[in-house]
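Inspection log for the structure reproduced underneath, given as structure tokens.
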Amino acid sequence: MCFAMRKRPSDATPTRAATIRRRLTLNSELGTNSIRALKRAIALTTFITPTAVHFQNGKEIYLSAAIQRHLRKVYDSLRRGEPNLSCAQFANFLEIYQGEKAPLLTEERYTFGKFLEVWWLQFGLEAEKPVSPEQKDLSKPISNYFISSSHNTYLSGNQLSGRSTADAYRRVLRRGCRCVEIDVWDGNSQSSTPERPRDASSKPPSRFEHVRHLSGGSLHTVAAQLKGTVEEKIEKTRQMLGVEKVHSHSPRCSKSELSPPPFGREVGVPFDPTSLAHELDPERSSMRSRPSLPLDEPIVMHGYTFTAPVGFREVCKAIREVAFESTSLPIIVSLEVHADQEQQAVMVQIMKEEWAGLLVDKPHDTCPNGRMPRLEELLNKILVKVKRASPSLEGTMSTLSPNSTIEDDASFSEDDRSILPNGAKKPKVPICESLSALAVYTHSEHFTNFESPAAKIPSHIFSISENKILELVASKHHELFSHNRHFFMRAYPKGLRFDSSNLDPAQFWRKGVQMVAMNWQSWDEGMMLNQAMFSGEHGWVLKPPGYRSEDASAFEDPFPHRTLDLVITVLAGQHIPLPEGTKSTNSRSLRPVVKCELHIEKVEERLGPFIDGGAKVRECDYKQKTGTGKTDHPDFGNVKNDLHFIDVRKVIEQLSFVRFKVENDAPLLAIHDAPLGWACIRLDRLATGYRFVHLFDVNGNQTQGVLLIRVDKHFR
């Protein structure tokens with residue numbers, strides 16, 4: 001049955017003229033609300049998508065509507081109602097607010113576009129003052145500089161199971177590191193490979209030789225042997241069960257098969273041993289696919305762990321390849337030698353071959369005995385840091401006091417490093433003469449005390465763990481600082497940092513420590529500070545006055561301490577990175593908050609846990625945060641956005657830092673604890689006025705994200 005329905009007159013199709021009138025007419029009852037809604041829609045569109053600002057030279061910059069509004073406000077406030085900005089008003093703004101010295105302007109009047117173009121291109125809005133290579137002072141002895149340093153450089157992950165790679169050296173050197181570490185061990189020898197087993201009638205290997213060759217032609221560690229044993233057991237189980245072997249290149253080796261299992265097992269689901277075999281097979285296959293290490297050459301790895309090795313020659317080639325790509329400033333290679341003397345001789349041969357023309361193997365012609373070379377005398381050079389040869393192992397042992405000696409160049413803590421997994425004592429490796437001879441200006445010394453003869457040799461370096469240095473700060477503060485004015489000291493992370501976390505390097509720089517070895521595998525707070533210290537400096541930063549060998553004045557407060565008043569106003573942001581795994585369509589749900597922390601030498605570090613008057617230093621004195629913004633292009637103008645650090649006393653500007661972190665305050669997107677972006681700037685390089693702060697991601701890579709801030713910084 002079919003029904004036909006007539007349209008009512010009101011449902012009739014409107015004429016074209018009526019349609020046009022309806023589009024152009026707002027409902028009289030909803031007029032105000034409709035206009036507001038339209039404005040919000042237009043504002044939202046321009047707010048989300050940055051628009052281009054065109055300069056006369058053809059350059060384009062993209063700025064969000066919020067940032068453009070704040071810059072327009074600056075322009076309007078300067079012109080004071082006049083049609084355009086005068087040259088005098090512009091110059092006054094650049095000199096007083098932006099800190100520019102004698103700005104040179106060529107035009108009488110400036111439109112907003114011209115104002116922005118000259119400001120941007122001629123003077124810049126970067127929050128971090130640039131470093132001029134031509135003005136860098138290279139005339140001081142090398143011990144008068146802080147040096148960007150790496151700990152266990154070869155590792156690509158944590159300290160227990162990360163893989164050793166030559167690419168790790170390329171990566172850190174390209175990012176400005178100038179002191180890298182190489183842990184060297186005996187490589188595969190023909191006499192100990194499976195193809196040429198040791199003669200049964202020969203002398204049994206010593207306990208340490210046995211440990212060294214446990215894994216035959218593979219990982220060369222006790223932990224690696226354990227891993228191999230487990231894999232062998234699983235392989236036998238797989239064969240016994242008749243499970244087909246699945247290789248990593250097989251179509252069956254899908255992503256779902258390789259994904260980590262959920263935490264625990266569901267109730268009622270039986271355990272399937274084949275799943276474990278399937279997950280392990282790709283790893284074993286990748287292990288076998290690695291290129292074989294050269295015979296009779298040393299290897300680089302983290303001993304007594306699950307870390308896989310890389311060839312010593314491969315590492316040397318990688319260093320040579322990128323050493324001086326972007327700077328001619330020297331590199332220090334810190335060798336921790338566990339190889340025997342035969343392999344040490346091979347090390348010397350490899351270094352001389354791979355670093356020919358770069359390796360410092362004799363004193364500089366213009367540098368007399370007893371004087372450390374100036375930085376300018378070592379351009380395009382590689383220095384080797386290694387222990388000196390001793391007459392005998394027993395002689396070396398007898399010179400050290402067991403009660404006062406601090407072990408150096410150790411990856412483990414002082415309590416653990418001397419004990420091997422099998423309970424044996426870790427042997428000391430005597431250094432051969434040819435290797436020792438390469439330590440011309442940088443030789444390692446065991447620390448006993450600051451009055452020992454070794455502590456007066458110009459080329460010595462004390463490598464001491466972070467905990468022991470802090471003990472020395474408490475007990476020998478004056479002696480420690482006086483030593484570090486003239487001679488090298490290197491701090492390395494305590495052995496319990498298995499996760500490759502980092503110490504606070506600024507705490508050690510303030511004690512004059514030149515080399516603070518960082519775990520570059522983790523971009524945590526310590527690495528953020530390290531980035532700020534050496535940004536644009538190519539790995540060498542001249543110590544501030546009072547910290548150098550030329551400053552032989554009395555110890556009583558020789559530093560340029562000043563009182564700081566710092567106000568940072570966060571105005572707007574652009575392209576704030578989204579949380580990992582978040583779709584770009586969710587950018588409007590982002591609720592960024594900017595946290596700012598002032599890193600200075602706190603009063604309790606110098607005078608104990610209390611400040612003058614008996615009050616403790618409050619955390620809020622050094623940490624501030626803004627209100628919550630909206631979207632990935634936030635405007636903080638309508639929320640709390642001024643961060644005050646007032647009357648901060650005894651600040652050393654060159655050793656203090658301002659660190660920004662952008663976090664997400666939206667509950668639905670707050671899946672990860674990691675910041676959305678961060679930036680860290682050395683206080684003496686923090687420019688005043690209106691500035692752009694560029695944000696980095698959790699891996700230390702610069703993003704498109706920026707913050708527009710205003711900085712008011714005054715010292716007295």
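Chain labels A, B, ... are given in the sequence in which chains occur in the structure tokens; within each chain residues are numbered consecutively from 1, and ligands are likewise numbered from 1 in the order shown.
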
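Residues in contact range of region 109-125 of chain A, defined as at most 9 Å between only C-alpha atoms, with sequence neighbours fewer than 5 positions away removed, read A:Val53, A:His54, A:Phe55, A:Gln56, A:Leu71, A:Arg72, A:Tyr75, A:Asp76, A:Pro83, A:Asn84, A:Leu85, A:Ser86, A:Cys87, A:Phe90, A:Leu94, A:Gln98, A:Glu100, A:Pro103, A:Ala687, A:Gly689, A:Tyr690, A:Arg691, A:Phe692, A:Val693.
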
Export of the given selection (C-alpha atoms) as an mmCIF file, in the first residue's frame:
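Saved to again.cif:
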```
data_model
loop_
_atom_site.group_PDB
_atom_site.id
_atom_site.type_symbol
_atom_site.label_atom_id
_atom_site.label_comp_id
_atom_site.auth_asym_id
_atom_site.auth_seq_id
_atom_site.Cartn_x
_atom_site.Cartn_y
_atom_site.Cartn_z
ATOM 1 C CA VAL A 53 54.340 37.310 8.024
ATOM 2 C CA HIS A 54 56.081 38.451 4.833
ATOM 3 C CA PHE A 55 59.306 40.466 4.853
ATOM 4 C CA GLN A 56 60.559 42.588 1.971
ATOM 5 C CA LEU A 71 53.820 41.780 19.265
ATOM 6 C CA ARG A 72 51.215 44.206 17.916
ATOM 7 C CA TYR A 75 54.234 48.154 18.685
ATOM 8 C CA ASP A 76 51.068 50.060 19.634
ATOM 9 C CA PRO A 83 50.374 56.485 12.915
ATOM 10 C CA ASN A 84 53.832 54.891 12.825
ATOM 11 C CA LEU A 85 56.756 54.264 15.154
ATOM 12 C CA SER A 86 59.519 56.849 15.149
ATOM 13 C CA CYS A 87 63.205 55.974 14.839
ATOM 14 C CA PHE A 90 62.341 52.206 18.228
ATOM 15 C CA LEU A 94 65.894 48.194 21.563
ATOM 16 C CA GLN A 98 65.994 44.487 24.588
ATOM 17 C CA GLU A 100 70.938 46.082 22.431
ATOM 18 C CA PRO A 103 71.304 50.058 17.731
ATOM 19 C CA ALA A 687 68.639 37.841 26.950
ATOM 20 C CA GLY A 689 63.130 41.886 26.726
ATOM 21 C CA TYR A 690 60.679 40.085 24.468
ATOM 22 C CA ARG A 691 62.171 36.759 23.431
ATOM 23 C CA PHE A 692 61.413 33.424 21.790
ATOM 24 C CA VAL A 693 62.303 30.209 23.647
#
```

**Request:** Using only C-alpha atoms, determine which residues lie at most 8 Å from region 315-328 of chain A, disregarding the query and same-chain residues fewer than 5 positions distant; provide the list as a list in words.
**Result:**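 My reading of the contact set: Thr165, Ala166, Asp167, Tyr169, Arg170, Leu173, Arg174, Val300, Val310, Ile350, Met351, Glu354, Trp355, Leu379, Asn380, Lys381 and His538 of chain A.
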
Kindly save the residues from that selection, with C-alpha atoms included, as an mmCIF file, in the first residue's frame.
```cif
data_model
loop_
_atom_site.group_PDB
_atom_site.id
_atom_site.type_symbol
_atom_site.label_atom_id
_atom_site.label_comp_id
_atom_site.auth_asym_id
_atom_site.auth_seq_id
_atom_site.Cartn_x
_atom_site.Cartn_y
_atom_site.Cartn_z
ATOM 1 C CA THR A 165 77.783 1.148 18.997
ATOM 2 C CA ALA A 166 80.203 3.377 17.141
ATOM 3 C CA ASP A 167 77.257 5.581 16.137
ATOM 4 C CA TYR A 169 80.294 8.470 19.395
ATOM 5 C CA ARG A 170 79.162 10.168 16.198
ATOM 6 C CA LEU A 173 80.413 14.484 19.139
ATOM 7 C CA ARG A 174 78.016 16.111 16.694
ATOM 8 C CA VAL A 300 84.703 -1.824 23.428
ATOM 9 C CA VAL A 310 81.844 -3.077 19.214
ATOM 10 C CA ILE A 350 95.160 1.419 15.809
ATOM 11 C CA MET A 351 95.037 4.920 17.306
ATOM 12 C CA GLU A 354 93.207 5.979 12.515
ATOM 13 C CA TRP A 355 94.125 9.320 14.102
ATOM 14 C CA LEU A 379 93.286 22.871 17.704
ATOM 15 C CA ASN A 380 92.320 19.838 15.602
ATOM 16 C CA LYS A 381 94.004 17.494 18.077
ATOM 17 C CA HIS A 538 81.504 23.527 20.954
#
```

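Proximity to Val516 (chain A) was assessed for A:Ala491, A:Leu542, A:Leu378, A:Ile142 counting only C-alpha atoms; the smallest distance is recorded for A:Ala491.
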
Pull the strand (DSSP E or B) assignments for region 457-497 of chain A out of DSSP run on the backbone, and list those residues as a short mmCIF file (atom, residue, chain, number, x, y, z; two decimals) with N, CA and C atoms, in the first residue's frame.
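So the final result, stored in part_39.cif, reads:
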```
data_model
loop_
_atom_site.label_atom_id
_atom_site.label_comp_id
_atom_site.auth_asym_id
_atom_site.auth_seq_id
_atom_site.Cartn_x
_atom_site.Cartn_y
_atom_site.Cartn_z
N HIS A 460 98.06 15.69 35.48
CA HIS A 460 97.27 14.63 36.11
C HIS A 460 95.78 14.95 36.08
N ILE A 461 94.97 13.90 36.10
CA ILE A 461 93.52 14.01 36.19
C ILE A 461 93.04 13.03 37.26
N PHE A 462 92.32 13.53 38.24
CA PHE A 462 91.67 12.68 39.22
C PHE A 462 90.25 12.39 38.74
N SER A 463 89.92 11.12 38.52
CA SER A 463 88.56 10.72 38.19
C SER A 463 87.92 10.14 39.45
N ILE A 464 86.87 10.79 39.94
CA ILE A 464 86.28 10.43 41.22
C ILE A 464 84.76 10.38 41.08
N SER A 465 84.14 9.42 41.75
CA SER A 465 82.69 9.27 41.65
C SER A 465 81.98 10.45 42.31
N PHE A 488 93.15 19.23 36.52
CA PHE A 488 91.93 18.58 36.07
C PHE A 488 91.32 17.68 37.14
N MET A 489 89.99 17.65 37.15
CA MET A 489 89.24 16.64 37.90
C MET A 489 88.05 16.22 37.05
N ARG A 490 87.74 14.93 37.12
CA ARG A 490 86.61 14.38 36.36
C ARG A 490 85.66 13.69 37.33
N ALA A 491 84.37 14.02 37.24
CA ALA A 491 83.34 13.38 38.05
C ALA A 491 82.56 12.41 37.17
N TYR A 492 82.27 11.23 37.70
CA TYR A 492 81.47 10.26 36.94
C TYR A 492 80.32 9.76 37.80
#
```

**Minimum-distance residue to Lys73 (chain A), chosen among A:Gly637, A:Gln507, A:Asn144, A:Gly526 (using only C-alpha atoms)** =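 Result for the nearest residue to Lys73 (chain A): A:Gly637.
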
Who sits within 12 Å of Gly512 (chain A), only C-alpha atoms, same chain under 5 positions skipped, as a compact mmCIF listing (two decimals) with C-alpha atoms, in the first residue's frame:
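Done, and the output landed in around-v7.txt:
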```
# COMPACT_ATOMS: atom_id res chain seq x y z
CA SER A 143 92.53 23.08 32.73
CA ASN A 144 90.82 26.49 32.92
CA TYR A 145 87.83 25.29 30.90
CA PHE A 146 84.74 23.23 31.56
CA ILE A 147 84.52 20.40 29.01
CA ILE A 469 83.40 14.28 45.49
CA VAL A 473 83.15 18.99 49.47
CA HIS A 477 86.18 22.07 50.48
CA HIS A 478 89.04 24.59 50.30
CA GLU A 479 91.60 22.01 49.15
CA LEU A 480 89.22 20.65 46.51
CA PHE A 481 88.50 24.04 45.01
CA SER A 482 92.13 25.13 45.11
CA HIS A 483 93.19 21.95 43.32
CA ASN A 484 90.58 22.40 40.61
CA ARG A 485 91.75 25.91 39.86
CA HIS A 486 95.02 24.52 38.56
CA PHE A 487 94.48 20.84 37.70
CA PHE A 488 91.93 18.58 36.07
CA MET A 489 89.24 16.64 37.90
CA ARG A 490 86.61 14.38 36.36
CA ALA A 491 83.34 13.38 38.05
CA PRO A 505 76.43 18.69 36.78
CA ALA A 506 76.06 22.29 37.99
CA GLN A 507 76.77 21.18 41.55
CA LEU A 542 86.00 29.18 29.97
CA LYS A 543 85.59 29.10 33.74
CA PRO A 544 84.30 32.32 35.34
CA PRO A 545 86.66 34.65 37.23
CA GLY A 546 87.75 33.18 40.55
CA TYR A 547 87.84 29.63 39.16
CA ARG A 548 90.96 29.87 36.99
CA SER A 549 94.61 29.16 37.70
CA PHE A 559 83.75 35.04 43.24
CA LEU A 655 76.99 28.85 36.73
```

**Message:** I'd like to know which of A:Lys630, A:Arg178, A:His644, A:Lys595 is closest to Lys661 (chain A), using only C-alpha atoms.
**Reply:**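 Looking only at the distances to Lys661 (chain A), the closest residue turns out to be A:Lys595.
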
**Prompt:** Which residue gives the smallest distance to Glu134 (chain A) among A:Gln349, A:Thr448, A:Glu537, A:Ser390, with only C-alpha atoms counted?
**Reply:** A:Glu537

Wanna dump the region 51-152 of chain A-region 331-336 of chain A contacts at 10 Å for me, each residue with its shortest atom pair and the distance in Å to one decimal, counting only C-alpha atoms, ordered by chain and number, as a Markdown table?
```
| residue | atom | partner | partner_atom | distance |
| --- | --- | --- | --- | --- |
| A:Ile147 | CA | A:Ile332 | CA | 9.2 |
| A:Ser148 | CA | A:Ile331 | CA | 9.9 |
| A:Ser149 | CA | A:Ile332 | CA | 8.9 |
| A:Ser150 | CA | A:Ser334 | CA | 9.4 |
| A:His151 | CA | A:Ser334 | CA | 9.4 |
| A:Asn152 | CA | A:Glu336 | CA | 9.7 |
```

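Using only C-alpha atoms for every distance, the candidate list A:Asp647, A:Ala572, A:Ser589, A:Val346 yields A:Ser589 as the residue closest to Pro667 (chain A).
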
**Nearest to Arg371 (chain A) by atom-to-atom distance, counting only C-alpha atoms, from A:Cys596, A:Gly99, A:Ile457, A:Lys650** = A:Ile457

**Request:** Find the residues near Pro50 (chain A): any atom within 7 Å, counting only C-alpha atoms, skip ones fewer than 5 places away on the same chain, and give them as JSON, numbers by chain.
**Result:** {"A": [62, 63, 64, 65]}

Please produce a file of the residues just selected, as a PDB file, in the first residue's frame, where the atoms kept are N, CA and C atoms.
```
ATOM      1  N   TYR A  62      56.159  32.236  10.259  1.00  0.00           N
ATOM      2  CA  TYR A  62      54.795  31.862  10.612  1.00  0.00           C
ATOM      3  C   TYR A  62      54.603  32.068  12.108  1.00  0.00           C
ATOM      4  N   LEU A  63      53.643  32.913  12.442  1.00  0.00           N
ATOM      5  CA  LEU A  63      53.365  33.240  13.837  1.00  0.00           C
ATOM      6  C   LEU A  63      51.890  33.020  14.131  1.00  0.00           C
ATOM      7  N   SER A  64      51.607  32.439  15.283  1.00  0.00           N
ATOM      8  CA  SER A  64      50.216  32.241  15.683  1.00  0.00           C
ATOM      9  C   SER A  64      49.557  33.587  15.929  1.00  0.00           C
ATOM     10  N   ALA A  65      48.228  33.580  15.906  1.00  0.00           N
ATOM     11  CA  ALA A  65      47.486  34.817  16.128  1.00  0.00           C
ATOM     12  C   ALA A  65      47.789  35.387  17.502  1.00  0.00           C
TER      13      ALA A  65
END
```

**Prompt:** Between CA of Thr307 (chain A) and CA of Lys494 (chain A), what is the distance, to one decimal in Å?
**Reply:** 18.4 Å

**Item:** Those in region 634-711 of chain A with helix (DSSP H, G or I) from DSSP, as a VMD selection string
**Value:** chain A and resid 653 to 655 683 to 685

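Picture a line from CA of Phe657 (chain A) to CA of Ser535 (chain A); it runs 12.2 Å.
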